[in-house]
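Raw contents of query.txt, compact mmCIF, C-alpha atoms and all ligand atoms:
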```txt
# COMPACT_ATOMS: atom_id res chain seq x y z
CA MET A 193 0.00 0.00 0.00
CA SER A 194 1.35 3.48 -0.90
CA SER A 195 2.15 5.93 1.88
CA VAL A 196 -0.72 8.22 0.74
CA LEU A 197 -3.18 5.33 1.01
CA GLU A 198 -1.83 4.45 4.47
CA ARG A 199 -2.35 8.03 5.68
CA GLU A 200 -5.84 8.18 4.09
CA LEU A 201 -6.73 4.92 5.78
CA GLU A 202 -5.43 6.03 9.19
CA TYR A 203 -7.34 9.35 9.01
CA HIS A 204 -10.61 7.80 7.85
CA GLU A 205 -10.55 4.90 10.31
CA LYS A 206 -10.49 7.53 13.09
CA LEU A 207 -13.12 9.71 11.38
CA TYR A 208 -15.49 6.74 10.98
CA ALA A 209 -14.97 5.60 14.59
CA GLY A 210 -17.97 7.74 15.59
CA PHE A 211 -17.53 11.43 14.71
CA ALA A 212 -18.63 11.09 11.06
CA GLN A 213 -21.67 9.02 12.01
CA ARG A 214 -22.82 11.67 14.53
CA HIS A 215 -22.01 14.65 12.28
CA PHE A 216 -23.60 13.21 9.15
CA ALA A 217 -26.81 12.41 11.06
CA ARG A 218 -27.39 16.10 11.93
CA PRO A 219 -30.34 17.82 10.19
CA ALA A 220 -28.43 20.30 7.99
CA VAL A 221 -26.05 17.60 6.73
CA ARG A 222 -29.02 15.30 5.98
CA ALA A 223 -30.67 18.15 4.04
CA LEU A 224 -27.44 18.66 2.09
CA ARG A 225 -27.30 14.93 1.25
CA ARG A 226 -30.91 14.99 0.06
CA HIS A 227 -30.11 17.95 -2.18
CA MET A 228 -27.07 16.10 -3.57
CA VAL A 229 -29.17 13.05 -4.41
CA GLN A 230 -31.72 15.19 -6.25
CA ARG A 231 -28.90 16.90 -8.13
CA ILE A 232 -27.23 13.58 -9.05
CA ARG A 233 -30.55 12.27 -10.39
CA ASN A 234 -31.14 15.45 -12.42
CA VAL A 235 -27.74 15.70 -14.08
CA THR A 236 -26.99 12.00 -14.62
CA GLY A 237 -30.52 10.85 -15.45
CA ALA A 238 -30.17 8.03 -12.87
CA GLY A 239 -33.55 6.33 -12.62
CA PRO A 240 -35.35 3.08 -11.74
CA GLY A 241 -33.33 1.01 -14.24
CA SER A 242 -29.88 2.39 -13.38
CA ARG A 243 -26.93 0.51 -11.89
CA VAL A 244 -24.83 2.99 -9.89
CA LEU A 245 -21.25 2.65 -8.64
CA SER A 246 -19.91 4.98 -5.94
CA LEU A 247 -16.14 5.40 -5.61
CA GLY A 248 -14.94 6.38 -2.11
CA CYS A 249 -18.48 5.98 -0.73
CA GLY A 250 -17.51 6.46 2.94
CA ILE A 251 -20.39 5.46 5.23
CA ALA A 252 -22.69 5.85 2.21
CA ASP A 253 -25.24 8.28 3.58
CA THR A 254 -25.73 9.76 0.07
CA GLU A 255 -25.81 6.30 -1.56
CA LEU A 256 -28.41 4.90 0.86
CA LEU A 257 -30.74 7.80 -0.03
CA LEU A 258 -30.12 7.14 -3.71
CA THR A 259 -31.12 3.46 -3.47
CA GLN A 260 -34.85 4.32 -3.46
CA HIS A 261 -34.54 5.88 -6.94
CA VAL A 262 -32.34 3.39 -8.82
CA ALA A 263 -32.06 -0.35 -9.49
CA GLU A 264 -28.81 -1.00 -7.64
CA VAL A 265 -25.99 0.81 -5.84
CA VAL A 266 -22.50 -0.62 -5.35
CA GLY A 267 -20.13 1.35 -3.10
CA VAL A 268 -16.37 0.87 -2.64
CA ASP A 269 -14.14 2.48 -0.07
CA LEU A 270 -10.66 2.04 1.28
CA SER A 271 -11.85 2.18 4.89
CA PRO A 272 -13.12 -1.03 6.55
CA ALA A 273 -14.84 1.07 9.26
CA ALA A 274 -16.79 2.98 6.58
CA ILE A 275 -17.87 -0.21 4.83
CA ARG A 276 -18.96 -1.84 8.11
CA GLN A 277 -21.11 1.23 8.88
CA ALA A 278 -22.58 1.38 5.35
CA ARG A 279 -23.54 -2.31 5.53
CA ALA A 280 -24.99 -1.93 9.04
CA ASP A 281 -27.08 1.09 8.01
CA ALA A 282 -28.33 -0.65 4.85
CA GLY A 283 -29.35 -3.64 7.00
CA LYS A 284 -31.08 -1.45 9.60
CA LEU A 285 -33.03 0.36 6.86
CA GLY A 286 -33.97 -2.91 5.13
CA ILE A 287 -32.24 -1.80 1.92
CA ARG A 288 -31.69 -4.78 -0.38
CA ASN A 289 -30.44 -3.14 -3.58
CA ALA A 290 -27.10 -1.91 -2.19
CA ARG A 291 -23.74 -3.63 -1.78
CA PHE A 292 -20.62 -2.19 -0.16
CA GLU A 293 -17.07 -3.48 -0.64
CA GLU A 294 -13.72 -2.61 0.89
CA GLY A 295 -11.16 -1.64 -1.74
CA VAL A 296 -9.85 0.86 -4.24
CA THR A 297 -11.16 -0.73 -7.45
CA ALA A 298 -14.44 -2.05 -8.79
CA GLU A 299 -15.56 -4.49 -11.45
CA GLY A 300 -18.53 -4.56 -13.79
CA ARG A 301 -20.34 -1.99 -15.93
CA TYR A 302 -22.50 0.80 -14.57
CA ASP A 303 -24.93 3.35 -16.01
CA VAL A 304 -23.75 5.96 -13.51
CA VAL A 305 -20.51 6.25 -11.52
CA ILE A 306 -20.41 8.83 -8.73
CA ALA A 307 -17.49 10.10 -6.66
CA ILE A 308 -18.54 12.45 -3.88
CA PHE A 309 -15.64 14.36 -2.28
CA PHE A 310 -13.31 11.65 -3.58
CA LEU A 311 -11.17 12.88 -6.51
CA HIS A 312 -9.32 15.43 -4.38
CA HIS A 313 -8.07 12.57 -2.18
CA LEU A 314 -6.32 10.84 -5.09
CA PRO A 315 -2.63 11.53 -5.72
CA ASP A 316 -2.01 13.32 -9.06
CA GLU A 317 -0.95 10.18 -10.92
CA GLU A 318 -4.00 8.21 -9.73
CA LEU A 319 -6.32 11.08 -10.62
CA ALA A 320 -4.77 11.21 -14.10
CA ALA A 321 -5.28 7.45 -14.51
CA LEU A 322 -8.91 7.43 -13.31
CA PRO A 323 -10.64 8.53 -16.58
CA ALA A 324 -9.21 5.52 -18.46
CA ARG A 325 -10.48 3.24 -15.65
CA LEU A 326 -13.90 4.88 -15.93
CA ILE A 327 -14.14 4.00 -19.62
CA GLN A 328 -13.95 0.34 -18.50
CA LEU A 329 -16.59 0.86 -15.77
CA LEU A 330 -19.22 2.87 -17.67
CA SER A 331 -21.85 1.34 -19.93
CA PRO A 332 -22.14 2.94 -23.39
CA GLY A 333 -23.63 6.42 -22.83
CA GLY A 334 -23.03 6.05 -19.06
CA VAL A 335 -22.35 9.13 -16.92
CA PHE A 336 -19.70 9.95 -14.33
CA TYR A 337 -20.50 12.56 -11.67
CA SER A 338 -18.04 13.99 -9.16
CA LEU A 339 -18.12 16.72 -6.54
CA ASP A 340 -14.94 18.27 -5.12
CA PRO A 341 -13.70 21.48 -3.49
CA SER A 342 -12.48 24.11 -5.95
CA ARG A 343 -9.02 25.62 -5.59
CA TYR A 344 -10.63 29.04 -6.17
CA ARG A 345 -13.37 28.79 -3.53
CA LEU A 346 -13.92 31.91 -1.45
CA SER A 347 -15.10 29.77 1.48
CA GLY A 348 -11.66 28.08 1.60
CA ALA A 349 -9.79 31.39 1.71
CA VAL A 350 -12.10 32.74 4.45
CA GLY A 351 -11.95 29.45 6.40
CA ARG A 352 -8.14 29.35 6.34
CA LEU A 353 -8.12 32.91 7.71
CA LEU A 354 -10.79 32.57 10.41
CA ILE A 355 -10.87 28.88 11.44
CA PRO A 356 -7.56 27.32 10.30
CA ASN A 357 -7.58 24.59 12.98
CA LEU A 358 -11.10 23.45 12.15
CA MET A 359 -10.21 23.41 8.43
CA ARG A 360 -7.22 21.17 9.17
CA LYS A 361 -9.33 18.86 11.37
CA TYR A 362 -11.66 18.20 8.42
CA GLN A 363 -8.81 17.45 5.99
CA THR A 364 -6.44 14.54 5.46
CA PRO A 365 -2.70 15.33 5.16
CA ASP A 366 -2.68 14.62 1.40
CA GLU A 367 -5.97 16.01 0.08
CA ARG A 368 -6.00 19.30 -1.83
CA GLU A 369 -8.51 21.52 -3.57
CA LEU A 370 -8.63 20.96 -7.34
CA ALA A 371 -8.66 23.36 -10.27
CA PRO A 372 -11.92 22.60 -12.13
CA GLU A 373 -10.92 23.03 -15.79
CA PRO A 374 -7.54 21.22 -15.68
CA THR A 375 -9.30 18.35 -13.88
CA ALA A 376 -11.98 18.26 -16.59
CA THR A 377 -9.24 18.17 -19.25
CA LEU A 378 -8.02 14.82 -17.87
CA PHE A 379 -11.49 13.35 -18.52
CA ARG A 380 -11.84 14.96 -21.99
CA ARG A 381 -8.44 13.55 -23.05
CA ALA A 382 -9.72 10.05 -22.22
CA GLY A 383 -12.63 10.58 -24.61
CA LEU A 384 -15.37 11.45 -22.10
CA ASP A 385 -17.70 14.30 -23.05
CA THR A 386 -17.13 16.44 -19.95
CA ARG A 387 -18.58 19.62 -18.51
CA VAL A 388 -17.94 21.52 -15.28
CA GLU A 389 -20.68 23.02 -13.10
CA MET A 390 -20.46 24.84 -9.78
CA TYR A 391 -22.59 23.11 -7.12
CA ASP A 392 -22.64 25.61 -4.28
CA PHE A 393 -21.29 28.84 -2.85
CA GLY A 394 -21.87 28.99 0.90
CA SER A 395 -24.57 26.41 1.67
CA SER A 396 -22.42 23.25 2.08
CA PRO A 397 -19.75 24.99 4.21
CA LEU A 398 -22.61 26.37 6.35
CA ALA A 399 -24.05 22.87 6.85
CA GLY A 400 -20.58 21.72 7.99
CA LEU A 401 -20.21 24.61 10.44
CA PHE A 402 -23.79 24.58 11.77
CA PRO A 403 -24.92 20.97 11.27
CA GLY A 404 -27.97 21.36 13.52
CA TRP A 405 -29.42 24.28 11.54
CA ALA A 406 -31.40 22.74 8.66
CA GLY A 407 -33.43 25.95 8.13
CA GLY A 408 -30.20 27.93 7.72
CA TYR A 409 -28.94 25.39 5.20
CA ARG A 410 -32.16 25.54 3.15
CA LEU A 411 -32.08 29.35 3.10
CA ALA A 412 -28.39 29.38 2.12
CA ARG A 413 -29.11 26.82 -0.60
CA ARG A 414 -31.81 29.06 -2.11
CA LEU A 415 -29.40 32.01 -1.95
CA ASP A 416 -26.69 29.90 -3.65
CA ASP A 417 -29.03 29.22 -6.56
CA LEU A 418 -29.19 32.99 -7.13
CA LEU A 419 -25.51 33.73 -6.43
CA LEU A 420 -24.31 31.03 -8.81
CA LYS A 421 -26.01 32.84 -11.69
CA VAL A 422 -23.38 35.62 -11.33
CA PRO A 423 -20.26 34.53 -13.28
CA ALA A 424 -17.74 36.24 -10.96
CA LEU A 425 -19.26 34.50 -7.91
CA ARG A 426 -19.57 31.17 -9.71
CA GLN A 427 -15.78 31.26 -10.23
CA ARG A 428 -15.35 31.49 -6.44
CA GLY A 429 -17.91 28.77 -5.61
CA SER A 430 -17.06 26.04 -3.08
CA ASN A 431 -17.50 22.66 -4.77
CA PHE A 432 -17.46 21.93 -8.48
CA GLU A 433 -19.07 19.07 -10.36
CA LEU A 434 -17.66 17.13 -13.28
CA ILE A 435 -20.27 15.50 -15.47
CA ALA A 436 -18.56 13.19 -17.96
CA ARG A 437 -20.43 11.02 -20.46
CA ALA A 438 -19.07 7.93 -22.20
CA ALA A 439 -19.64 7.52 -25.94
CA VAL A 440 -22.79 5.60 -26.91
C1 LIG A 501 -13.92 12.86 2.01
S1 LIG A 501 -14.32 11.18 2.11
C2 LIG A 501 -15.85 11.15 1.21
C3 LIG A 501 -16.71 10.01 1.59
C4 LIG A 501 -18.12 10.03 1.02
N1 LIG A 501 -18.14 9.98 -0.42
C5 LIG A 501 -18.89 11.22 1.51
O1 LIG A 501 -19.44 11.96 0.69
O2 LIG A 501 -18.98 11.40 2.73
C6 LIG A 501 -13.21 10.37 1.00
C7 LIG A 501 -13.36 8.87 1.04
O3 LIG A 501 -12.49 8.27 0.08
C8 LIG A 501 -11.88 7.11 0.65
N2 LIG A 501 -10.63 6.92 -0.10
C9 LIG A 501 -9.53 7.70 -0.12
N3 LIG A 501 -8.65 7.26 -1.03
C10 LIG A 501 -9.23 6.17 -1.62
C11 LIG A 501 -8.85 5.28 -2.67
N4 LIG A 501 -7.69 5.41 -3.31
N5 LIG A 501 -9.72 4.29 -3.03
C12 LIG A 501 -10.92 4.14 -2.39
N6 LIG A 501 -11.33 4.96 -1.39
C13 LIG A 501 -10.50 5.96 -1.02
C14 LIG A 501 -11.73 7.41 2.12
O4 LIG A 501 -11.66 6.25 2.92
C15 LIG A 501 -12.99 8.25 2.38
O5 LIG A 501 -14.05 7.45 2.82
```

Is it possible to give me this structure as C-alpha cells?
Amino acid sequence: MSSVLERELEYHEKLYAGFAQRHFARPAVRALRRHMVQRIRNVTGAGPGSRVLSLGCGIADTELLLTQHVAEVVGVDLSPAAIRQARADAGKLGIRNARFEEGVTAEGRYDVVIAIFFLHHLPDEELAALPARLIQLLSPGGVFYSLDPSRYRLSGAVGRLLIPNLMRKYQTPDERELAPEPTATLFRRAGLDTRVEMYDFGSSPLAGLFPGWAGGYRLARRLDDLLLKVPALRQRGSNFELIARAAV
C-alpha cells in the first residue's frame, strides 16, 4: 500500500470511529445529502433502471438515499470502518439493492458512476489514470458525476483565515482543492464528453459549520441558486461538479 493510502486509511478509520456518524446524522447535513441526491438524479438521469457505482463511498449516507430511486448501488471504499457502517445502516433500513465493498477498485459496468468528495483525495498520478479506468466501468452512454472542493473557492480562503484549525481537522494530510478546468481536461483527453458546473457557494460549508441548523442550510441553498447565476461568484464557488459522459 502506498504511503498516501496508508495516511488516508489512518485518518478515515479515526473519522469513521464515531464522529462522522454523529455529524452526518445532523439535520443540515441530511438536508445537504438529500439535495445532492436530487442533483445527481437530475444531471446523470439516474432512474429506476440504473446501476450505480460509488467510488470512495464512505459510510454511504448519500448512496443509501439514492437506493430508493435506482435499481442497484454498489459502493467501494478504502476504509473497513466505513464499509462496516454502510452495511450496518443498509441492514437497519432494510435496503436490499445496495452492496458495499472494501477496496480501491471495482468491477462490472454501470450506467452511472459517482465520486462524492473523492477525486481530491487521489494523488495526481491516480487522478490522471482514473478517466481511463472509468471508460472500463461505464456502460455505453453512461455518466460519471463527481463533486470536489475548488481551488478558487472563497469559502476556503475565508476558512483558512478565520478557522484554520477546524479546516485542518476536516482534511487529510494529502488532500487538496482541485482546479476545475484542468481536472476536466483529464477526462476529456480520455474521450469522455465532460462539462464543469459549480454546485454551491456557501450552503455546504454552512451545513458543515452549523450541522444542527437545517433551516439555515435551506435558506443558504436558495441564496446559492441565485448567487451562482453571477459569473464572478460562480468562479469562487465552493464545490465543483464534473459530469462526464461515455460515448454511446
Ligand atoms: C472525504 S471522504 C468522502 C466520503 C463520502 N463519499 C462522503 O461523501 O462522505 C473520501 C473517502 O475516500 C476514501 N478513499 C480515499 N482514497 C481512496 C482510494 N484510493 N480508493 C478508495 N477509497 C479511497 C476514504 O476512505 C474516504 O471514505

Which value, in Å to one decimal, gives the distance between atom CA of Met390 of chain A and atom CA of Arg426 of chain A?
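Atom-to-atom, atom CA of Met390 of chain A and atom CA of Arg426 of chain A are spaced 6.4 Å apart.
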
Test item: residues lying within 7 Å of ligand LIG 501 (chain A) with all atoms listed in the file, as a ChimeraX atom specification:
/A:197,200-201,204,247-252,254,268-271,274,295-297,307-310,313-314

Skip segment 218-226 of chain A itself and residues of its chain fewer than 6 positions away, then list as a PyMOL selection string all residues within 7 Å of it, counting only C-alpha atoms.
chain A and resi 254+396+399-400+403-406+409

Find the residue from A:Gly210, A:Leu285, A:Gln328, A:Asp316 that sits nearest to Thr259 of chain A; use only C-alpha atoms when measuring.
A:Leu285

Find the residues near Tyr344 of chain A: any atom within 12 Å, counting all atoms listed in the file, skip ones fewer than 6 places away on the same chain, and give them as a PyMOL selection string.
chain A and resi 350+368-373+390+393+424-432

For segment 301-306 of chain A, please output as a tab-separated table (two decimals) with C-alpha atoms, in the frame of the given file all residues within 9 Å (counting only C-alpha atoms; exclusion window: fewer than 5 positions along the same chain).
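What follows is the written file part-v9.tsv:
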```tsv
chain	number	residue	atom	x	y	z
A	232	ILE	CA	-27.23	13.58	-9.05
A	236	THR	CA	-26.99	12.00	-14.62
A	237	GLY	CA	-30.52	10.85	-15.45
A	238	ALA	CA	-30.17	8.03	-12.87
A	241	GLY	CA	-33.33	1.01	-14.24
A	242	SER	CA	-29.88	2.39	-13.38
A	243	ARG	CA	-26.93	0.51	-11.89
A	244	VAL	CA	-24.83	2.99	-9.89
A	245	LEU	CA	-21.25	2.65	-8.64
A	246	SER	CA	-19.91	4.98	-5.94
A	247	LEU	CA	-16.14	5.40	-5.61
A	248	GLY	CA	-14.94	6.38	-2.11
A	249	CYS	CA	-18.48	5.98	-0.73
A	326	LEU	CA	-13.90	4.88	-15.93
A	328	GLN	CA	-13.95	0.34	-18.50
A	329	LEU	CA	-16.59	0.86	-15.77
A	330	LEU	CA	-19.22	2.87	-17.67
A	331	SER	CA	-21.85	1.34	-19.93
A	332	PRO	CA	-22.14	2.94	-23.39
A	333	GLY	CA	-23.63	6.42	-22.83
A	334	GLY	CA	-23.03	6.05	-19.06
A	335	VAL	CA	-22.35	9.13	-16.92
A	336	PHE	CA	-19.70	9.95	-14.33
A	337	TYR	CA	-20.50	12.56	-11.67
A	338	SER	CA	-18.04	13.99	-9.16
A	339	LEU	CA	-18.12	16.72	-6.54
```

By how many Å are atom CA of Leu322 of chain A and atom CA of Ala438 of chain A apart?
13.5 Å

Nearest to Ala412 of chain A by atom-to-atom distance, counting all atoms listed in the file, from A:Gln260, A:Ser395, A:Asn289, A:Ser194:
A:Ser395

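Closest to Arg414 of chain A among A:Arg233, A:His227, A:Arg345, A:Arg199 is A:His227, based on all atoms listed in the file.
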
Can you take the partial segment 216-248 of chain A, add N, CA and C atoms, and return it as a tab-separated table (two decimals), keeping the file's coordinate frame?
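And here is the file that came out, part.tsv:
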```
chain	number	residue	atom	x	y	z
A	216	PHE	N	-22.82	13.39	10.37
A	216	PHE	CA	-23.60	13.21	9.15
A	216	PHE	C	-25.09	12.98	9.45
A	217	ALA	N	-25.40	12.63	10.70
A	217	ALA	CA	-26.81	12.41	11.06
A	217	ALA	C	-27.52	13.72	11.43
A	218	ARG	N	-26.77	14.84	11.52
A	218	ARG	CA	-27.39	16.10	11.93
A	218	ARG	C	-28.28	16.64	10.80
A	219	PRO	N	-29.31	17.43	11.17
A	219	PRO	CA	-30.34	17.82	10.19
A	219	PRO	C	-29.81	18.58	8.97
A	220	ALA	N	-28.89	19.52	9.15
A	220	ALA	CA	-28.43	20.30	7.99
A	220	ALA	C	-27.62	19.42	7.04
A	221	VAL	N	-26.86	18.48	7.59
A	221	VAL	CA	-26.05	17.60	6.73
A	221	VAL	C	-26.97	16.64	5.98
A	222	ARG	N	-28.03	16.17	6.66
A	222	ARG	CA	-29.02	15.30	5.98
A	222	ARG	C	-29.70	16.06	4.83
A	223	ALA	N	-30.02	17.35	5.10
A	223	ALA	CA	-30.67	18.15	4.04
A	223	ALA	C	-29.72	18.34	2.87
A	224	LEU	N	-28.45	18.54	3.16
A	224	LEU	CA	-27.44	18.66	2.09
A	224	LEU	C	-27.37	17.36	1.29
A	225	ARG	N	-27.37	16.22	1.97
A	225	ARG	CA	-27.30	14.93	1.25
A	225	ARG	C	-28.52	14.72	0.36
A	226	ARG	N	-29.69	15.13	0.87
A	226	ARG	CA	-30.91	14.99	0.06
A	226	ARG	C	-30.81	15.86	-1.20
A	227	HIS	N	-30.28	17.07	-1.02
A	227	HIS	CA	-30.11	17.95	-2.18
A	227	HIS	C	-29.15	17.32	-3.19
A	228	MET	N	-28.05	16.74	-2.68
A	228	MET	CA	-27.07	16.10	-3.57
A	228	MET	C	-27.70	14.99	-4.39
A	229	VAL	N	-28.53	14.18	-3.71
A	229	VAL	CA	-29.17	13.05	-4.41
A	229	VAL	C	-30.07	13.56	-5.53
A	230	GLN	N	-30.85	14.61	-5.23
A	230	GLN	CA	-31.72	15.19	-6.25
A	230	GLN	C	-30.89	15.69	-7.44
A	231	ARG	N	-29.79	16.34	-7.10
A	231	ARG	CA	-28.90	16.90	-8.13
A	231	ARG	C	-28.28	15.77	-8.98
A	232	ILE	N	-27.83	14.71	-8.32
A	232	ILE	CA	-27.23	13.58	-9.05
A	232	ILE	C	-28.26	12.99	-10.02
A	233	ARG	N	-29.50	12.83	-9.53
A	233	ARG	CA	-30.55	12.27	-10.39
A	233	ARG	C	-30.80	13.19	-11.59
A	234	ASN	N	-30.85	14.51	-11.33
A	234	ASN	CA	-31.14	15.45	-12.42
A	234	ASN	C	-30.05	15.45	-13.48
A	235	VAL	N	-28.79	15.50	-13.06
A	235	VAL	CA	-27.74	15.70	-14.08
A	235	VAL	C	-27.27	14.39	-14.71
A	236	THR	N	-27.45	13.26	-14.02
A	236	THR	CA	-26.99	12.00	-14.62
A	236	THR	C	-28.14	11.25	-15.29
A	237	GLY	N	-29.37	11.59	-14.93
A	237	GLY	CA	-30.52	10.85	-15.45
A	237	GLY	C	-30.69	9.51	-14.74
A	238	ALA	N	-30.02	9.30	-13.61
A	238	ALA	CA	-30.17	8.03	-12.87
A	238	ALA	C	-31.64	7.82	-12.54
A	239	GLY	N	-32.14	6.61	-12.83
A	239	GLY	CA	-33.55	6.33	-12.62
A	239	GLY	C	-33.76	4.87	-12.24
A	240	PRO	N	-35.01	4.42	-12.26
A	240	PRO	CA	-35.35	3.08	-11.74
A	240	PRO	C	-34.57	1.92	-12.37
A	241	GLY	N	-34.06	2.12	-13.61
A	241	GLY	CA	-33.33	1.01	-14.24
A	241	GLY	C	-31.82	1.10	-14.06
A	242	SER	N	-31.33	2.12	-13.36
A	242	SER	CA	-29.88	2.39	-13.38
A	242	SER	C	-29.09	1.57	-12.36
A	243	ARG	N	-27.92	1.09	-12.81
A	243	ARG	CA	-26.93	0.51	-11.89
A	243	ARG	C	-25.93	1.62	-11.58
A	244	VAL	N	-25.69	1.87	-10.30
A	244	VAL	CA	-24.83	2.99	-9.89
A	244	VAL	C	-23.65	2.46	-9.08
A	245	LEU	N	-22.45	2.95	-9.42
A	245	LEU	CA	-21.25	2.65	-8.64
A	245	LEU	C	-20.81	3.93	-7.93
A	246	SER	N	-20.45	3.83	-6.65
A	246	SER	CA	-19.91	4.98	-5.94
A	246	SER	C	-18.48	4.70	-5.52
A	247	LEU	N	-17.55	5.54	-5.97
A	247	LEU	CA	-16.14	5.40	-5.61
A	247	LEU	C	-15.88	6.23	-4.35
A	248	GLY	N	-15.21	5.65	-3.36
A	248	GLY	CA	-14.94	6.38	-2.11
A	248	GLY	C	-16.24	6.74	-1.42
```
